[in-house]
>>> print(open('run_17.txt').read())   # compact mmCIF, C-alpha atoms
# COMPACT_ATOMS: atom_id res chain seq x y z
CA LYS A 10 0.00 0.00 0.00
CA ALA A 11 1.44 3.38 -1.00
CA LEU A 12 0.38 6.53 0.81
CA GLY A 13 0.02 10.16 -0.12
CA THR A 14 -0.45 12.84 2.53
CA TYR A 15 -2.20 11.73 5.70
CA ASN A 16 -2.91 13.89 8.76
CA ALA A 17 -5.05 12.57 11.59
CA THR A 18 -5.52 12.37 15.31
CA THR A 19 -6.60 9.11 16.90
CA GLU A 20 -8.31 8.92 20.29
CA ASN A 21 -8.93 5.22 20.61
CA TYR A 22 -9.43 4.24 24.22
CA LEU A 23 -9.78 0.57 23.36
CA THR A 24 -6.23 0.14 22.10
CA GLY A 25 -5.35 3.72 21.13
CA SER A 26 -2.38 2.63 19.02
CA GLY A 27 -1.33 4.13 15.69
CA GLY A 28 -2.21 7.82 15.53
CA ALA A 29 -2.45 7.70 11.73
CA ILE A 30 -2.02 4.03 10.77
CA CYS A 31 -2.50 0.80 12.72
CA MET A 32 -1.54 -2.34 10.78
CA ASP A 33 -2.16 -5.93 11.84
CA ARG A 34 0.08 -7.86 9.42
CA GLY A 35 0.35 -6.77 5.79
CA THR A 36 2.83 -4.46 4.04
CA LEU A 37 3.12 -0.69 4.13
CA THR A 38 5.27 1.38 1.74
CA VAL A 39 5.90 5.05 2.47
CA ASN A 40 7.18 6.97 -0.56
CA ALA A 41 8.64 10.42 -1.15
CA ASN A 42 5.28 12.19 -1.45
CA THR A 43 4.09 11.01 1.97
CA THR A 44 3.64 13.21 5.02
CA LEU A 45 2.42 11.89 8.36
CA SER A 46 2.46 14.86 10.70
CA ASP A 47 1.02 15.95 14.06
CA ASN A 48 -0.72 12.66 14.75
CA GLU A 49 -1.30 11.37 18.27
CA ALA A 50 -2.01 7.96 19.73
CA GLN A 51 -3.96 8.76 22.87
CA GLY A 52 -5.03 6.44 25.64
CA SER A 53 -5.23 5.93 29.36
CA SER A 54 -3.58 3.71 31.96
CA THR A 55 -6.61 1.38 31.86
CA TYR A 56 -5.31 -0.56 28.88
CA VAL A 57 -1.97 -2.18 28.13
CA PHE A 58 -0.43 -0.83 24.90
CA SER A 59 -2.95 1.97 25.23
CA SER A 60 -1.16 4.55 23.11
CA CYS A 61 1.81 3.22 21.15
CA GLY A 62 2.93 4.47 17.75
CA GLY A 63 2.22 8.17 17.43
CA ALA A 64 2.12 7.90 13.64
CA VAL A 65 2.33 4.17 12.84
CA TYR A 66 1.72 0.99 14.84
CA LEU A 67 2.93 -2.25 13.21
CA ASP A 68 1.73 -5.55 14.63
CA ASN A 69 3.62 -8.29 12.77
CA ALA A 70 3.49 -6.04 9.70
CA THR A 71 6.26 -4.94 7.33
CA MET A 72 7.01 -1.28 6.60
CA THR A 73 9.46 0.20 4.11
CA MET A 74 10.10 3.94 4.14
CA ASN A 75 11.61 5.01 0.82
CA GLY A 76 11.14 8.70 1.54
CA GLY A 77 8.64 11.14 2.95
CA THR A 78 8.32 12.70 6.37
CA LEU A 79 7.03 11.65 9.77
CA SER A 80 7.02 14.81 11.88
CA GLY A 81 5.60 16.06 15.15
CA ASN A 82 3.88 12.80 16.03
CA LYS A 83 3.30 11.71 19.61
CA ALA A 84 2.50 8.67 21.71
CA ALA A 85 0.56 10.79 24.14
CA GLY A 86 -0.92 8.54 26.82
CA THR A 87 -0.59 9.25 30.51
CA GLY A 88 -0.04 5.68 31.74
CA GLY A 89 0.21 2.07 30.71
CA GLU A 90 2.39 1.43 27.66
CA THR A 91 3.05 4.68 25.80
CA HIS A 92 5.95 4.06 23.46
CA GLY A 93 7.15 4.88 19.97
CA GLY A 94 6.44 8.53 19.23
CA GLY A 95 6.91 7.97 15.51
CA VAL A 96 6.71 4.23 14.83
CA TYR A 97 6.06 1.21 17.07
CA VAL A 98 7.34 -2.10 15.65
CA ASN A 99 5.82 -5.18 17.29
CA GLY A 100 7.38 -8.08 15.38
CA ASN A 101 8.48 -8.25 11.74
CA THR A 102 10.45 -5.41 10.13
CA PHE A 103 10.66 -1.67 9.53
CA THR A 104 13.25 -0.65 6.91
CA MET A 105 14.11 3.04 6.57
CA VAL A 106 15.77 3.62 3.19
CA ASN A 107 15.34 7.38 3.12
CA GLY A 108 13.11 10.17 4.44
CA SER A 109 12.94 11.67 7.92
CA ILE A 110 11.47 11.05 11.36
CA THR A 111 11.63 14.32 13.22
CA GLY A 112 10.21 15.99 16.30
CA SER A 113 8.41 12.88 17.55
CA ILE A 114 7.67 12.44 21.25
CA ALA A 115 6.78 9.45 23.40
CA ASN A 116 5.44 9.79 26.93
CA GLY A 117 7.43 6.62 27.46
CA ASN A 118 10.31 4.89 25.67
CA GLY A 119 11.45 5.33 22.08
CA GLY A 120 10.78 8.90 21.03
CA GLY A 121 11.29 8.11 17.34
CA VAL A 122 11.01 4.31 17.01
CA TYR A 123 10.26 1.54 19.50
CA VAL A 124 11.08 -1.98 18.32
CA THR A 125 10.14 -5.15 20.18
CA GLY A 126 10.33 -8.68 18.82
CA GLY A 127 11.30 -7.39 15.38
CA THR A 128 13.96 -5.48 13.44
CA PHE A 129 14.41 -1.81 12.58
CA THR A 130 16.94 -1.40 9.75
CA MET A 131 18.15 2.11 9.01
CA GLN A 132 19.87 2.31 5.61
CA GLY A 133 19.56 6.07 5.13
CA GLY A 134 17.51 9.13 5.95
CA SER A 135 17.52 11.07 9.19
CA MET A 136 16.10 10.98 12.68
CA THR A 137 16.25 14.43 14.26
CA GLY A 138 14.95 16.03 17.45
CA ASN A 139 13.00 13.07 18.82
CA ARG A 140 12.35 12.69 22.54
CA ALA A 141 11.41 10.09 25.16
CA GLN A 142 9.86 11.96 28.05
CA LYS A 143 7.82 11.60 31.22
CA ALA A 144 4.14 12.44 30.92
CA ASP A 145 4.50 14.57 34.05
CA ASP A 146 6.95 15.20 36.88
CA SER A 147 5.15 12.77 39.20
CA ASP A 148 6.31 9.78 37.12
CA ALA A 149 9.36 8.27 38.84
CA ARG A 150 10.29 6.00 35.91
CA GLU A 151 13.10 6.69 33.46
CA MET A 152 12.06 7.13 29.84
CA ASN A 153 14.81 5.80 27.62
CA GLY A 154 15.84 5.90 23.98
CA GLY A 155 15.27 9.39 22.61
CA ALA A 156 15.46 8.22 19.00
CA VAL A 157 15.35 4.40 19.22
CA TYR A 158 14.42 1.98 21.99
CA VAL A 159 15.29 -1.71 21.46
CA GLY A 160 13.34 -4.19 23.68
CA ASN A 161 11.47 -6.05 25.24
CA VAL A 162 10.27 -9.27 23.53
CA GLY A 163 12.21 -11.90 21.60
CA THR A 164 15.45 -10.63 20.05
CA PRO A 165 14.65 -7.07 19.00
CA THR A 166 17.31 -5.57 16.73
CA PHE A 167 18.35 -2.14 15.51
CA ASP A 168 20.59 -2.48 12.42
CA MET A 169 22.10 0.89 11.47
CA GLN A 170 23.77 0.79 8.06
CA GLY A 171 23.51 4.48 7.16
CA GLY A 172 21.65 7.71 7.86
CA THR A 173 21.93 10.11 10.78
CA ILE A 174 20.56 10.38 14.31
CA SER A 175 20.93 13.79 15.94
CA GLY A 176 19.30 16.24 18.34
CA SER A 177 17.52 13.52 20.32
CA SER A 178 16.96 13.50 24.09
CA ALA A 179 15.54 11.31 26.85
CA ASP A 180 14.30 11.71 30.43
CA GLY A 181 16.41 8.69 31.27
CA LYS A 182 19.15 6.76 29.51
CA GLY A 183 20.28 6.66 25.90
CA SER A 184 19.47 10.04 24.41
CA ALA A 185 19.85 8.44 20.95
CA VAL A 186 19.62 4.63 21.39
CA TYR A 187 18.83 2.41 24.37
CA LEU A 188 18.95 -1.40 24.53
CA GLY A 189 16.37 -2.45 27.06
CA ASN A 190 16.85 -6.13 27.85
CA ALA A 191 19.18 -9.12 27.67
CA GLU A 192 18.17 -10.06 24.13
CA SER A 193 18.35 -6.55 22.68
CA ARG A 194 20.77 -6.19 19.78
CA MET A 195 22.30 -3.25 17.93
CA THR A 196 24.56 -3.61 14.90
CA MET A 197 26.15 -0.57 13.30
CA SER A 198 28.21 -0.64 10.10
CA GLY A 199 27.65 2.92 8.87
CA GLY A 200 25.82 6.16 9.46
CA SER A 201 26.31 8.65 12.28
CA ILE A 202 24.99 9.30 15.77
CA THR A 203 26.13 12.82 16.61
CA GLY A 204 24.96 15.97 18.35
CA ASN A 205 22.46 14.33 20.68
CA ASN A 206 21.53 15.84 24.05
CA VAL A 207 23.49 13.99 26.72
CA ASP A 208 23.99 15.04 30.33
CA GLY A 209 25.93 14.05 33.42
CA ASP A 210 24.01 10.82 33.87
CA THR A 211 23.35 9.70 30.31
CA GLY A 212 25.08 9.02 27.02
CA ALA A 213 24.01 8.79 23.41
CA VAL A 214 24.03 4.96 23.23
CA GLU A 215 23.47 2.86 26.35
CA VAL A 216 22.55 -0.66 27.38
CA GLY A 217 20.17 -1.66 30.16
CA ASN A 218 21.36 -5.24 30.60
CA VAL A 219 24.83 -6.80 30.65
CA ASP A 220 23.78 -9.38 28.06
CA ALA A 221 22.55 -6.82 25.54
CA ARG A 222 24.89 -6.68 22.56
CA ILE A 223 26.27 -3.82 20.46
CA THR A 224 28.36 -4.86 17.44
CA PHE A 225 30.36 -2.43 15.30
CA SER A 226 31.88 -2.99 11.86
CA GLY A 227 32.76 -0.93 8.80
CA ALA A 228 32.76 2.85 9.18
CA PRO A 229 30.23 4.00 11.79
CA THR A 230 30.41 7.33 13.61
CA VAL A 231 29.28 7.74 17.22
CA TYR A 232 30.91 10.96 18.30
CA ASP A 233 30.42 14.59 19.30
CA ASN A 234 27.66 13.83 21.77
CA VAL A 235 29.07 16.22 24.34
CA TYR A 236 28.20 17.31 27.88
CA GLU A 237 30.33 20.01 29.52
CA GLY A 238 33.29 19.15 27.35
CA GLN A 239 33.00 15.38 27.87
CA GLN A 240 32.31 13.00 25.03
CA LYS A 241 29.34 10.84 26.17
CA ASN A 242 28.96 8.59 23.13
CA VAL A 243 28.74 4.83 23.80
CA VAL A 244 28.47 4.59 27.59
CA LEU A 245 29.57 1.33 29.27
CA SER A 246 29.27 0.36 32.92
CA ALA A 247 32.43 -1.14 34.40
CA GLU A 248 30.52 -2.65 37.35
CA ASP A 249 28.13 -4.41 34.99
CA ARG A 250 31.00 -5.53 32.74
CA ASP A 251 29.27 -4.18 29.64
CA ILE A 252 30.88 -5.37 26.41
CA ILE A 253 30.97 -3.99 22.89
CA HIS A 254 31.68 -6.29 19.96
CA THR A 255 33.39 -5.99 16.61
CA THR A 256 33.22 -8.41 13.69
CA GLY A 257 36.23 -10.28 12.37
CA ALA A 258 36.49 -7.76 9.52
CA GLY A 259 36.70 -5.03 12.14
CA LEU A 260 36.39 -1.28 11.77
CA THR A 261 37.81 0.68 8.87
CA GLN A 262 40.10 3.69 9.27
CA ASN A 263 37.06 5.94 8.74
CA ALA A 264 35.26 4.62 11.82
CA HIS A 265 34.91 7.01 14.73
CA VAL A 266 33.34 5.54 17.87
CA GLY A 267 33.81 7.16 21.27
CA VAL A 268 33.46 5.05 24.44
CA TYR A 269 32.83 6.46 27.92
CA VAL A 270 33.23 4.16 30.95
CA THR A 271 31.41 4.67 34.24
CA GLY A 272 32.28 3.14 37.62
CA ASN A 273 35.25 1.10 38.76
CA GLY A 274 36.56 -1.88 36.87
CA THR A 275 37.10 -2.66 33.22
CA PRO A 276 34.42 -3.20 30.59
CA GLY A 277 35.35 -5.40 27.67
CA SER A 278 35.35 -5.92 23.95
CA GLU A 279 35.06 -9.08 21.89
CA THR A 280 35.75 -9.88 18.25
CA GLU A 281 33.28 -12.12 16.46
CA PRO A 282 34.27 -14.33 13.52
>>> encode(input="run_17.txt", output="structure tokens")
Amino acid sequence: KALGTYNATTENYLTGSGGAICMDRGTLTVNANTTLSDNEAQGSSTYVFSSCGGAVYLDNATMTMNGGTLSGNKAAGTGGETHGGGVYVNGNTFTMVNGSITGSIANGNGGGVYVTGGTFTMQGGSMTGNRAQKADDSDAREMNGGAVYVGNVGTPTFDMQGGTISGSSADGKGSAVYLGNAESRMTMSGGSITGNNVDGDTGAVEVGNVDARITFSGAPTVYDNVYEGQQKNVVLSAEDRDIIHTTGAGLTQNAHVGVYVTGNGTPGSETEP
């Protein structure tokens, strides 16, 4: 299915997911003439998954974004599961070839994209100014993954081959990318994660479980995510013995990945065949 311009607000208090589009299986193609803007998935704490996917909710569906714009969308619930300000991927795949996801907000995790039990592949395009935030100051939980949140079911994966992630922020960990559980995976062979809004407690890319895995190869850039003169790029916990991985082919001379270590001890690295 190819889309033109689509602007809508959804207030669905049964499931409330997918401010513009909610897909149960099937295939969605977003092309260069597509705009999904200022949509909201709204819900309440009464229902689980009450307001996920500010623009698009995929339930075992496949989405390819060849171009177009997702802007100003919001997963706007005040409780329950309120994730994926732009796109929520529940199983199957979302492939971003080109286009932009910008200014999306989740009152939960994954300001731009939330992926669970599936794969988000970024080949190109841009993710700019997305945010994972608390619905209000009374919420004691951290909201993680300003651009991308990877978790919580199966082996969710973020595969970044190209494109840019910048200007993202989170009221918690991982202003750009956060890996939420033991099975979460991130592979990065290209593209850049730069200029995201880190602070004294957070970095641009972080893991929430020692068994989560980040693997680098090729020529990725994770750099210039700066707080008070400190590079807070890939943040590893020494106490948790966080590990980053590289493939047997390794990184090229054009790779630029900054690592920041917290706590006492020594995190590690491993090379895969």
>>> closest_residue(input="run_17.txt", among="A:Asp233, A:Glu151, A:Asp168, A:Glu215", to="Gly199 of chain A", atoms="only C-alpha atoms")
A:Asp168
>>> atom_distance(input="run_17.txt", atom1="atom CA of Thr73 of chain A", atom2="atom CA of Asn107 of chain A")
9.3 Å
>>> residues_around(input="run_17.txt", residues="Gln132 of chain A", least_positions_apart="4", cutoff="8 Å", atoms="all atoms listed in the file", output="list in words")
Thr104, Met105, Val106, Asn107, Met169, Gln170, Gly171 and Gly172 of chain A
>>> atom_distance(input="run_17.txt", atom1="atom CA of Glu192 of chain A", atom2="atom CA of Val216 of chain A")
10.9 Å
>>> atom_distance(input="run_17.txt", atom1="atom CA of Ile223 of chain A", atom2="atom CA of Val159 of chain A")
11.2 Å
>>> residues_near_point(input="run_17.txt", point="(7.4, 11.3, 14.7)", cutoff="6 Å", atoms="all atoms listed in the file", output="VMD selection string")
chain A and resid 79 to 82 94 to 95 110 to 113 121
>>> closest_atom_pairs(input="run_17.txt", of="segment 212-238 of chain A", to="segment 261-268 of chain A", cutoff="7 Å", atoms="all atoms listed in the file", output="tab-separated table")
residue	atom	partner	partner_atom	distance
A:Gly227	CA	A:Thr261	CA	5.3
A:Ala228	CA	A:Ala264	CA	4.0
A:Pro229	CA	A:Ala264	CA	5.1
A:Thr230	CA	A:His265	CA	4.6
A:Val231	CA	A:Val266	CA	4.7
A:Tyr232	CA	A:Gly267	CA	5.6
>>> closest_residue(input="run_17.txt", among="A:Ala179, A:Asn153, A:Val122, A:His92", to="Arg140 of chain A", atoms="all atoms listed in the file")
A:Ala179
>>> closest_residue(input="run_17.txt", among="A:Ser135, A:Ser60, A:Ser177, A:Gln239", to="Gly200 of chain A", atoms="all atoms listed in the file")
A:Ser135
>>> closest_residue(input="run_17.txt", among="A:Gly154, A:Gly133, A:Gly183, A:Gly204", to="Val244 of chain A", atoms="only C-alpha atoms")
A:Gly183
